[in-house]
Structure formats: structure tokens, C-alpha cells
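Structure, as C-alpha cells:
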Amino acid sequence: MPKGEKSWKGNDAGLISLHRMVWRKKGKPNKCEVCGTETAKKYEWANLSGNYADVNDYKRMCTICHRKYDDHSKGYRGKMNIMAKLTDEQVRDIRRKEHPQKYYVDKYKMSVSQISDITRGLAWRHVA
Ligand SMILES: [Zn+2]
């Protein structure tokens, strides 16, 4: 089976029909709400918070802004997920480095790079 075929029948098909619904209800976007351009070749409705069924959860963007927005929000959401797992006390626990890195990877179900970001102070900067 080609790689794309399975996802097409699953969630993607649902998303595509939801996108169609947005176009139907809100019309064709003709101005980017982010950079304000009215001369882009193409505009798209970008989903804001993952609430795909809500037509108000979309903002019109040009293709460039949409791509930037998606990259940004993916990175942001990914980071938030990591952050949500730990309390300040747990961060301090990791930073004490009383155990090998592997110990914390198992204990907190995080990746080696996430743990090392914490010990190096790249993540969780707000925890002293
Ligand atoms: Zn734009």
C-alpha cells in the first residue's frame, strides 16, 4: 500500500472535509490577517488552536504566513507538552545530577536531549 493511502482514509480525510466546511462557511480568504498582504497568489484558512470543527478557530493567512505559523505552533505545542510533565521540584531533581542521565530518562519518560536541555539550563530557564 502506498504510504499516503492509509492516512487519507483516516484522520486526514476528516480534516479535509472540515477544511471544506470552513471554505464553504467563511468563503475564500483574500487577505492575509498576519502580514496584511492582498497580493499573494494563494490564501489559506489556518487553524488556530486545533479545534478543527469550529469555523471561528480559523484565521486567513497567505501561504508563507501559514507555513510559518504551523512551524511555530508545532514547536510551541511540543515544548509545552514537555514542560507540562515536570514540576519545578522535578526539574531541580534532574539538575542535581545525583544519578546518570539514563535514570532521569526512565524516571520522567523523557528523551536524553530533553534531560540534557534541562541540565544545561536550555529548558525550564525559569526554574532556579
Ligand atoms: Zn501573510
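Residues in the C-alpha cells are named by chain (A, B, ... in the order shown) and by number from 1 within that chain; ligands are numbered from 1 in the order shown.
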
*Within 6 Å of ligand 1, counting only C-alpha atoms and all ligand atoms, which protein or nucleic acid residues do you find, written as a ChimeraX atom specification?*
/A:32,34-35,37,61-62,64-65

*Surrounding residues of region 38-52 of chain A excluding itself and chain neighbours under 6 positions, 12 Å, only C-alpha atoms, as a ChimeraX atom specification*: /A:11-12,14-32,58-74,76-77

If we count only C-alpha atoms and set the cut-off at 9 Å, which residues sit around Val112 (chain A), ignoring sequence neighbours fewer than 5 positions away in its own chain? Please answer as a CSV table (one decimal) with C-alpha atoms, in the first residue's frame.
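Final file, out12.csv:
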chain,number,residue,atom,x,y,z
A,101,GLN,CA,21.2,10.8,32.7
A,102,LYS,CA,19.6,7.4,31.8
A,104,TYR,CA,16.1,10.6,34.6
A,105,VAL,CA,15.2,9.5,31.1
A,117,ASP,CA,18.5,20.6,27.8

*Write down as an MDAnalysis selection string the residues belonging to region 26-123 of chain A that are assigned helix (DSSP H, G or I) by DSSP computed on the backbone.*
chainID A and resid 26 55:57 63:85 88:96 101:108 112:119

*Return the single residue from A:Val127, A:Lys109, A:Gly36, A:Ile118 that is closest to Arg95 (chain A), with distances computed using only C-alpha atoms.*
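Using only C-alpha atoms, Arg95 (chain A) sits closest to A:Ile118.
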
*Write down as an MDAnalysis selection string the residues belonging to chain A that are assigned strand (DSSP E or B) by DSSP computed on the backbone.*
chainID A and resid 43:47 58:62

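Of note, CA of Ala123 (chain A) and CA of Arg92 (chain A) are spaced 11.9 Å apart.
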